[in-house]
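Chemist: File follows, model_3.txt with compact mmCIF, C-alpha atoms and all ligand atoms:
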```
# COMPACT_ATOMS: atom_id res chain seq x y z
CA MET A 1 88.42 113.24 66.69
CA ARG A 2 85.43 111.64 68.40
CA VAL A 3 84.95 109.74 71.66
CA LEU A 4 82.00 107.40 72.21
CA ALA A 5 80.87 105.98 75.55
CA PHE A 6 77.79 103.99 76.46
CA LEU A 7 75.89 104.52 79.68
CA ASP A 8 77.14 101.19 81.08
CA GLY A 9 80.61 102.72 81.23
CA THR A 10 82.10 101.13 78.13
CA LEU A 11 84.08 103.09 75.56
CA ALA A 12 83.51 102.14 71.93
CA ASP A 13 84.92 102.89 68.51
CA PRO A 14 82.82 105.71 66.99
CA ASP A 15 83.70 104.50 63.48
CA GLN A 16 82.00 101.14 64.06
CA ALA A 17 78.24 100.36 63.95
CA HIS A 18 76.63 100.01 67.40
CA ILE A 19 72.93 100.81 67.01
CA ARG A 20 70.46 98.13 65.88
CA VAL A 21 68.41 98.90 62.78
CA ASP A 22 65.21 98.40 64.81
CA ASP A 23 66.09 101.02 67.42
CA LEU A 24 63.11 103.34 67.77
CA GLY A 25 65.39 106.33 67.93
CA LEU A 26 66.45 105.45 64.40
CA LEU A 27 63.08 104.25 63.07
CA ARG A 28 60.93 107.04 64.48
CA GLY A 29 63.17 109.67 65.98
CA ASP A 30 61.64 108.41 69.23
CA GLY A 31 64.12 109.58 71.81
CA ILE A 32 65.74 112.65 73.24
CA PHE A 33 69.14 114.30 73.34
CA GLU A 34 71.25 117.06 74.81
CA THR A 35 74.37 118.76 73.50
CA VAL A 36 76.79 120.00 76.15
CA LEU A 37 79.76 122.27 75.54
CA VAL A 38 82.95 121.12 77.30
CA THR A 39 85.82 123.58 77.69
CA ASN A 40 89.04 122.96 79.62
CA GLY A 41 87.64 119.62 80.75
CA VAL A 42 84.53 121.22 82.30
CA PRO A 43 81.03 120.49 81.00
CA ARG A 44 79.14 123.78 80.97
CA GLU A 45 75.74 123.76 82.69
CA LEU A 46 75.72 119.96 83.06
CA GLY A 47 73.12 120.18 85.85
CA PRO A 48 70.60 122.14 83.73
CA HIS A 49 71.29 119.86 80.75
CA LEU A 50 70.55 116.74 82.84
CA ASP A 51 67.47 118.45 84.32
CA ARG A 52 66.24 119.11 80.78
CA LEU A 53 67.04 115.52 79.72
CA ALA A 54 64.84 114.34 82.61
CA ARG A 55 62.10 116.82 81.62
CA SER A 56 62.17 115.65 77.98
CA ALA A 57 62.12 112.01 79.13
CA ALA A 58 59.02 112.68 81.26
CA MET A 59 57.29 114.39 78.31
CA LEU A 60 57.97 111.33 76.10
CA ASP A 61 57.06 108.82 78.86
CA LEU A 62 60.59 107.43 78.78
CA PRO A 63 62.07 105.98 81.98
CA ALA A 64 63.68 108.67 84.13
CA PRO A 65 67.36 108.93 83.11
CA ASP A 66 69.90 107.62 85.65
CA ARG A 67 71.54 110.93 86.51
CA GLU A 68 74.62 109.50 88.20
CA ALA A 69 75.26 107.13 85.29
CA TRP A 70 75.04 110.05 82.88
CA GLU A 71 77.42 112.09 85.02
CA ARG A 72 79.89 109.17 85.03
CA THR A 73 79.56 108.72 81.26
CA VAL A 74 80.13 112.43 80.63
CA GLN A 75 83.27 112.25 82.76
CA LEU A 76 84.46 109.13 80.94
CA VAL A 77 84.29 110.92 77.58
CA ILE A 78 85.99 114.01 79.02
CA ASP A 79 88.77 111.85 80.50
CA ASN A 80 89.44 110.46 77.03
CA TRP A 81 89.45 113.83 75.27
CA PRO A 82 92.57 115.99 74.87
CA ARG A 83 92.62 118.49 77.74
CA GLY A 84 92.28 122.05 76.50
CA GLU A 85 90.42 121.07 73.32
CA GLU A 86 86.80 122.19 73.14
CA MET A 87 84.20 119.47 72.66
CA ALA A 88 80.53 119.25 71.76
CA LEU A 89 79.22 116.34 73.82
CA LYS A 90 75.99 114.80 72.62
CA LEU A 91 73.92 112.73 75.05
CA VAL A 92 71.45 110.45 73.26
CA TYR A 93 68.63 108.47 74.92
CA THR A 94 66.21 106.53 72.72
CA ARG A 95 63.22 104.30 73.46
CA GLY A 96 65.35 101.33 72.45
CA ILE A 97 64.46 98.28 70.40
CA GLU A 98 61.08 98.06 68.64
CA GLY A 99 58.82 95.32 69.97
CA HIS A 100 61.33 94.21 72.58
CA PRO A 101 59.36 93.06 75.65
CA ALA A 102 61.80 94.56 78.13
CA ALA A 103 62.91 97.44 75.97
CA THR A 104 65.58 99.48 77.63
CA PRO A 105 66.66 102.83 76.30
CA THR A 106 69.70 103.08 74.07
CA SER A 107 71.98 105.55 75.84
CA PHE A 108 75.31 106.94 74.75
CA ALA A 109 77.48 110.02 74.86
CA LEU A 110 79.45 111.12 71.80
CA GLY A 111 82.15 113.77 72.03
CA MET A 112 82.87 115.69 68.84
CA GLU A 113 85.02 118.60 67.70
CA ILE A 114 83.41 121.98 67.12
CA ASP A 115 83.08 122.49 63.38
CA ASP A 116 84.48 125.47 61.51
CA LYS A 117 81.06 126.87 60.56
CA ILE A 118 80.20 127.21 64.24
CA LYS A 119 83.52 128.86 65.01
CA ALA A 120 82.89 131.34 62.17
CA ALA A 121 79.39 132.10 63.48
CA ARG A 122 80.75 132.77 66.97
CA ARG A 123 83.34 135.15 65.52
CA ASP A 124 81.50 136.90 62.68
CA GLY A 125 77.82 136.64 63.64
CA VAL A 126 75.08 135.26 61.38
CA ALA A 127 72.42 136.29 58.89
CA VAL A 128 68.99 135.04 59.98
CA VAL A 129 65.60 134.68 58.36
CA THR A 130 62.30 134.49 60.23
CA LEU A 131 60.18 131.46 59.30
CA ASP A 132 56.63 130.54 60.28
CA ARG A 133 56.65 127.46 62.57
CA GLY A 134 52.92 127.03 61.93
CA PHE A 135 51.63 126.76 65.49
CA ASP A 136 49.98 129.26 67.81
CA ALA A 137 51.39 130.54 71.06
CA ASP A 138 48.98 128.40 73.16
CA LEU A 139 49.43 125.08 71.34
CA ALA A 140 51.95 123.65 73.80
CA GLN A 141 49.40 124.06 76.61
CA ARG A 142 46.44 122.76 74.56
CA ALA A 143 48.18 119.73 73.04
CA PRO A 144 51.03 118.39 75.20
CA TRP A 145 51.16 115.19 73.09
CA LEU A 146 52.77 117.26 70.33
CA LEU A 147 55.86 117.39 72.59
CA LEU A 148 56.58 121.04 71.87
CA GLY A 149 59.45 122.04 74.09
CA ALA A 150 60.85 118.51 74.43
CA LYS A 151 64.34 118.08 73.04
CA SER A 152 63.37 115.06 71.00
CA LEU A 153 65.48 113.44 68.29
CA SER A 154 62.88 114.46 65.68
CA TYR A 155 64.83 117.40 64.26
CA ALA A 156 64.05 116.88 60.56
CA VAL A 157 61.88 120.05 60.54
CA ASN A 158 64.59 122.08 62.29
CA MET A 159 67.19 120.94 59.76
CA ALA A 160 64.82 121.63 56.83
CA ALA A 161 64.37 125.17 58.14
CA LEU A 162 68.14 125.66 58.11
CA ARG A 163 68.23 124.52 54.48
CA GLU A 164 65.46 127.01 53.70
CA ALA A 165 67.57 129.71 55.35
CA ALA A 166 70.49 128.74 53.11
CA ARG A 167 68.25 129.01 50.03
CA ARG A 168 67.43 132.55 51.17
CA GLY A 169 71.08 133.46 51.63
CA ALA A 170 71.13 133.18 55.44
CA SER A 171 72.64 130.67 57.82
CA ASP A 172 70.12 130.56 60.65
CA VAL A 173 66.43 130.87 61.47
CA ILE A 174 64.13 132.45 64.02
CA PHE A 175 60.81 130.61 64.11
CA THR A 176 57.61 132.58 64.68
CA THR A 177 53.96 131.72 65.19
CA PRO A 178 51.60 132.59 62.29
CA ASP A 179 50.67 135.85 64.10
CA GLY A 180 54.32 136.92 64.45
CA THR A 181 55.14 135.86 68.00
CA VAL A 182 58.84 135.04 68.30
CA LEU A 183 59.62 131.42 69.26
CA GLU A 184 63.23 130.17 69.00
CA GLY A 185 65.85 129.11 66.47
CA PRO A 186 66.05 125.49 65.22
CA THR A 187 68.97 124.96 67.63
CA SER A 188 69.02 128.13 69.74
CA ASN A 189 67.11 130.61 71.87
CA VAL A 190 66.49 134.22 70.90
CA VAL A 191 67.95 136.98 73.09
CA VAL A 192 67.33 140.70 72.50
CA ALA A 193 69.29 143.43 74.30
CA ARG A 194 67.60 146.81 74.69
CA GLY A 195 69.17 149.41 76.97
CA ARG A 196 70.50 147.43 79.96
CA THR A 197 67.83 144.74 79.71
CA LEU A 198 67.91 141.32 78.07
CA TYR A 199 64.71 139.73 76.76
CA THR A 200 63.88 136.16 75.73
CA PRO A 201 60.55 134.44 74.94
CA PRO A 202 59.01 132.13 77.60
CA PRO A 203 59.18 128.29 77.38
CA SER A 204 55.36 128.23 77.80
CA LEU A 205 55.23 129.02 74.04
CA GLY A 206 56.41 125.46 73.39
CA ILE A 207 60.09 126.24 73.02
CA LEU A 208 63.09 124.81 74.82
CA PRO A 209 64.16 126.36 78.10
CA GLY A 210 67.71 127.21 77.02
CA THR A 211 70.60 126.30 79.28
CA THR A 212 72.85 128.90 77.61
CA GLN A 213 70.17 131.60 77.70
CA GLY A 214 69.67 130.87 81.41
CA ASP A 215 73.42 130.95 82.04
CA VAL A 216 73.82 134.22 80.10
CA PHE A 217 70.90 135.82 81.95
CA ARG A 218 72.26 134.88 85.39
CA ALA A 219 75.75 136.14 84.51
CA ALA A 220 74.31 139.38 83.07
CA GLU A 221 72.23 139.95 86.21
CA ARG A 222 75.36 139.62 88.34
CA ALA A 223 76.96 142.24 86.08
CA GLY A 224 74.08 144.66 86.67
CA TRP A 225 71.82 143.93 83.71
CA ASP A 226 68.07 143.39 84.04
CA THR A 227 66.47 140.36 82.39
CA GLU A 228 62.93 139.63 81.29
CA VAL A 229 61.33 136.45 80.02
CA THR A 230 58.49 137.83 77.93
CA THR A 231 56.62 137.49 74.66
CA LEU A 232 58.32 139.27 71.75
CA LYS A 233 56.82 140.17 68.40
CA VAL A 234 58.74 139.71 65.17
CA ASP A 235 58.80 143.46 64.46
CA GLU A 236 60.64 144.02 67.77
CA LEU A 237 63.55 141.80 66.75
CA GLY A 238 65.46 144.43 64.82
CA THR A 239 64.67 147.40 67.05
CA GLY A 240 66.88 146.57 70.07
CA ASP A 241 70.58 147.21 70.54
CA ALA A 242 71.49 143.61 69.76
CA LEU A 243 69.72 140.51 68.48
CA MET A 244 71.47 137.28 69.45
CA LEU A 245 71.05 133.50 69.36
CA ALA A 246 72.10 131.50 72.42
CA SER A 247 73.02 127.83 72.27
CA SER A 248 75.48 125.57 74.03
CA VAL A 249 77.84 125.04 71.15
CA ARG A 250 77.45 128.42 69.48
CA LYS A 251 77.42 130.29 72.82
CA LEU A 252 76.01 133.81 72.29
CA THR A 253 75.99 134.58 68.55
CA ARG A 254 75.31 138.04 67.14
CA VAL A 255 72.70 138.38 64.38
CA HIS A 256 73.95 140.98 61.89
CA THR A 257 71.30 140.60 59.19
CA LEU A 258 67.58 139.86 59.60
CA ASP A 259 65.43 138.89 56.62
CA GLY A 260 67.96 140.44 54.26
CA GLU A 261 68.20 143.76 56.16
CA ARG A 262 71.52 144.66 57.79
CA LEU A 263 70.88 145.45 61.49
CA PRO A 264 72.56 148.39 63.27
CA ASP A 265 76.04 147.42 64.46
CA SER A 266 75.75 145.46 67.71
CA THR A 267 79.37 144.37 68.01
CA LYS A 268 80.00 146.30 71.23
CA VAL A 269 76.92 145.12 73.12
CA HIS A 270 77.48 141.57 71.94
CA ALA A 271 81.17 141.67 72.93
CA GLU A 272 80.26 142.93 76.42
CA LEU A 273 77.70 140.15 76.94
CA ALA A 274 79.93 137.47 75.42
CA GLU A 275 82.68 138.52 77.83
CA ILE A 276 80.31 138.47 80.82
CA TYR A 277 79.27 134.94 79.83
CA GLU A 278 82.76 133.68 79.04
CA SER A 279 84.51 135.14 82.07
CA GLN A 280 82.66 132.65 84.29
CA TYR A 281 84.68 129.87 82.67
CA GLU A 282 88.14 131.42 82.70
N1 LIG B 301 66.09 125.61 71.15
C1 LIG B 301 66.29 124.50 70.42
C2 LIG B 301 65.20 124.00 69.53
C3 LIG B 301 67.52 123.81 70.50
O1 LIG B 301 67.71 122.68 69.78
C4 LIG B 301 68.54 124.32 71.34
C5 LIG B 301 69.85 123.64 71.45
O2 LIG B 301 70.24 122.89 70.61
C6 LIG B 301 68.30 125.49 72.05
C7 LIG B 301 67.05 126.10 71.96
C8 LIG B 301 69.36 126.09 72.94
O3 LIG B 301 69.54 125.31 74.07
P1 LIG B 301 70.93 125.24 74.86
O4 LIG B 301 71.34 126.63 75.17
O5 LIG B 301 70.59 124.49 76.07
O6 LIG B 301 71.90 124.55 73.98
```
So that I can check it, write out the structure of this file as structure tokens.

Modeler:
Amino acid sequence: MRVLAFLDGTLADPDQAHIRVDDLGLLRGDGIFETVLVTNGVPRELGPHLDRLARSAAMLDLPAPDREAWERTVQLVIDNWPRGEEMALKLVYTRGIEGHPAATPTSFALGMEIDDKIKAARRDGVAVVTLDRGFDADLAQRAPWLLLGAKSLSYAVNMAALREAARRGASDVIFTTPDGTVLEGPTSNVVVARGRTLYTPPPSLGILPGTTQGDVFRAAERAGWDTEVTTLKVDELGTGDALMLASSVRKLTRVHTLDGERLPDSTKVHAELAEIYESQYE
């Protein structure tokens, strides 16, 4: 099941071709996206997702997204999705047609089912490997043209890292800088629980400000936890009470194995935090 809507308010058949071969999103990965989780007809953290879409657009010098049109398009897809069924809703915004004098962005929203691998990860946790991302902690500040921290469509490296994880017997990745500073996953943020405090690395490292991580942190604070956005080193990852990955579709996923080493059982801490997060949406 999939539902496709364009930003002009038209629904379209997702099994038909709609994108021109000279679209710069296709030719160069020159565009941005968001993936929003929709449960019970409610898009989670839509405001922060649209804020981040606008932030990514500004970083890529794309026209500012029309927020109201995106809100309407999101609602249109939701209205055409079976109520009660979860959906991963992808918002895509590319630079449009190459060489077109009045190029306008290509903009669409595509609702998709949550695949079984993601459901298994939510339930059972994941094995993760750390991989060098090859840039230093200050690169995002020194070289903004590298677009670190923009949610661009250029995810070939992120997907290659996941294949490398599979070759090493794991299913996910935590990227680090060459000197062992923790960055993020290819599609997630890193969250460590130690005592009654949650930690996550800062976006100034050139990573995405996570909507799920932010949502989890706010919910945890209301439940009496402390939170800290701070630099973490790779050797701290396995020493807390729980290591987790946060992302819209995966929610808060427990990491049970890190670089081939089984971590101490974190099921209880993870279950408590997952419940704190989830109970906001019940
Ligand atoms: N970091 C990267 C590189 C991502 O691609 C994603 C989401 O796909 C995240 C972090 C998590 O962001 P969110 O919680 O907003 O889904």

Chemist: Around (71.0, 149.2, 78.7) in the file's own coordinates, what residues are found within 12 Å if you use all atoms listed in the file, given back as a ChimeraX atom specification?

Modeler: /A:192-199,220-221,223-227,240-242,269,272-273

Chemist: Residues up to 7 Å from ligand LIG 301 (chain B), counting only C-alpha atoms and all ligand atoms: could you list those as a list in words?

Modeler: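 So, counting only C-alpha atoms and all ligand atoms, the residues near ligand LIG 301 (chain B) are Thr35, His49, Lys151, Glu184, Gly185, Pro186, Thr187, Ser188, Asn189, Ile207, Leu208, Pro209, Gly210, Thr211, Thr212, Gln213, Ala246, Ser247, Ser248 and Val249 of chain A.
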
Chemist: Mind writing the picked residues with C-alpha atoms as an mmCIF file, keeping the file's coordinate frame?

Modeler:
```cif
data_model
loop_
_atom_site.group_PDB
_atom_site.id
_atom_site.type_symbol
_atom_site.label_atom_id
_atom_site.label_comp_id
_atom_site.auth_asym_id
_atom_site.auth_seq_id
_atom_site.Cartn_x
_atom_site.Cartn_y
_atom_site.Cartn_z
ATOM 1 C CA THR A 35 74.370 118.760 73.500
ATOM 2 C CA HIS A 49 71.290 119.860 80.750
ATOM 3 C CA LYS A 151 64.340 118.080 73.040
ATOM 4 C CA GLU A 184 63.230 130.170 69.000
ATOM 5 C CA GLY A 185 65.850 129.110 66.470
ATOM 6 C CA PRO A 186 66.050 125.490 65.220
ATOM 7 C CA THR A 187 68.970 124.960 67.630
ATOM 8 C CA SER A 188 69.020 128.130 69.740
ATOM 9 C CA ASN A 189 67.110 130.610 71.870
ATOM 10 C CA ILE A 207 60.090 126.240 73.020
ATOM 11 C CA LEU A 208 63.090 124.810 74.820
ATOM 12 C CA PRO A 209 64.160 126.360 78.100
ATOM 13 C CA GLY A 210 67.710 127.210 77.020
ATOM 14 C CA THR A 211 70.600 126.300 79.280
ATOM 15 C CA THR A 212 72.850 128.900 77.610
ATOM 16 C CA GLN A 213 70.170 131.600 77.700
ATOM 17 C CA ALA A 246 72.100 131.500 72.420
ATOM 18 C CA SER A 247 73.020 127.830 72.270
ATOM 19 C CA SER A 248 75.480 125.570 74.030
ATOM 20 C CA VAL A 249 77.840 125.040 71.150
#
```

Chemist: What is the atom CA of A:Tyr277-atom CA of A:Gly149 distance in Å, reported with one decimal?

Modeler: 24.3 Å

Chemist: Calculated over all atoms listed in the file, which of the candidates A:Ala156, A:Ala271, A:Leu50, A:Leu162 has the smallest distance to A:Val128?

Modeler: A:Leu162

Chemist: Using all atoms listed in the file, which residues sit within 6 Å of A:Phe108 once same-chain residues fewer than 2 positions away are excluded, as a ChimeraX atom specification?

Modeler: /A:5-7,91-92

Chemist: Do you know which residues are at most 8 Å from A:Ser204 counting only C-alpha atoms, after dropping those on the same chain fewer than 4 positions away, and could you put them as number ranges by chain?

Modeler: A: 138, 140-141

Chemist: Any idea what's packed within 7 Å of stretch 21-28 of chain A, counting only C-alpha atoms, ignoring anything in its chain fewer than 5 positions away? Could you give it as a list in words?

Modeler: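 Counting only the stated atoms, we get Thr94, Arg95, Gly96, Ile97 and Glu98 of chain A.
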
Chemist: Return the single residue from A:Glu275, A:Asp215, A:Glu85, A:Asp172 that is closest to A:Ala121, with distances computed using only C-alpha atoms.

Modeler: A:Asp172

Chemist: Could the centre and edge lengths of an axis-aligned box, enclosing all atoms of stretch 71-74 of chain A in the file with 5 Å extra on each side, be given in Å to one decimal as AutoDock Vina command-line options?

Modeler:
```
--center_x 78.8 --center_y 110.6 --center_z 82.8 --size_x 12.7 --size_y 13.7 --size_z 14.4
```

Chemist: Rank nothing, just name the residue among A:Gly180, A:Pro264, A:Gly29, A:Gly41 nearest to A:Gly84, using all atoms listed in the file.

Modeler: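 Among A:Gly180, A:Pro264, A:Gly29, A:Gly41, it is A:Gly41 that comes nearest to A:Gly84.
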
Chemist: Taking (81.6, 99.3, 79.5) in the file's coordinates, which residues come within 12 Å, counting all atoms listed in the file, written as a short mmCIF file (atom, residue, chain, number, x, y, z; two decimals) with C-alpha atoms, keeping the file's coordinate frame?

Modeler:
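File written: point_25.cif
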```cif
data_model
loop_
_atom_site.label_atom_id
_atom_site.label_comp_id
_atom_site.auth_asym_id
_atom_site.auth_seq_id
_atom_site.Cartn_x
_atom_site.Cartn_y
_atom_site.Cartn_z
CA LEU A 4 82.00 107.40 72.21
CA ALA A 5 80.87 105.98 75.55
CA PHE A 6 77.79 103.99 76.46
CA LEU A 7 75.89 104.52 79.68
CA ASP A 8 77.14 101.19 81.08
CA GLY A 9 80.61 102.72 81.23
CA THR A 10 82.10 101.13 78.13
CA LEU A 11 84.08 103.09 75.56
CA ALA A 12 83.51 102.14 71.93
CA ALA A 69 75.26 107.13 85.29
CA ARG A 72 79.89 109.17 85.03
CA THR A 73 79.56 108.72 81.26
CA LEU A 76 84.46 109.13 80.94
CA PHE A 108 75.31 106.94 74.75
#
```

Chemist: Find the distance between atom CA of A:Val229 and atom CA of A:Arg168 and write it in Å to one decimal.

Modeler: 29.7 Å

Chemist: So, counting all atoms listed in the file, which residue among A:Gly47, A:Pro105, A:Pro82, A:Gly125 is closest to A:Gly31?

Modeler: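 Going through A:Gly47, A:Pro105, A:Pro82, A:Gly125 one by one, the smallest distance to A:Gly31 is for A:Pro105.
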
Chemist: Excluding A:Ala64 and any residue of its chain fewer than 3 positions from it, enumerate the residues within 7 Å of it, using all atoms listed in the file, and give them as JSON, numbers by chain.

Modeler: {"A": [54, 57, 58]}

Chemist: Could you please determine the separation between atom CA of A:Ser171 and atom CA of A:Lys117 in Å, to one decimal place?

Modeler: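 A separation of 9.6 Å between them.
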
Chemist: When distances are computed from all atoms listed in the file, which of A:Leu46, A:Ala103, A:Leu263, A:Ile174 shows the smallest separation from A:Val234?

Modeler: A:Ile174

Chemist: When you count all atoms listed in the file, which of these residues is closest to A:Trp81: A:Arg2, A:Arg142, A:Asp116, A:Leu153?

Modeler: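 Of all the options, A:Arg2 lies closest to A:Trp81.
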
Chemist: Show which residues sit within 8 Å of A:Arg250, as a list in words. Count only C-alpha atoms, and ignore same-chain residues fewer than 6 positions away.

Modeler: Ile118, Lys119, Ala121 and Arg122 of chain A
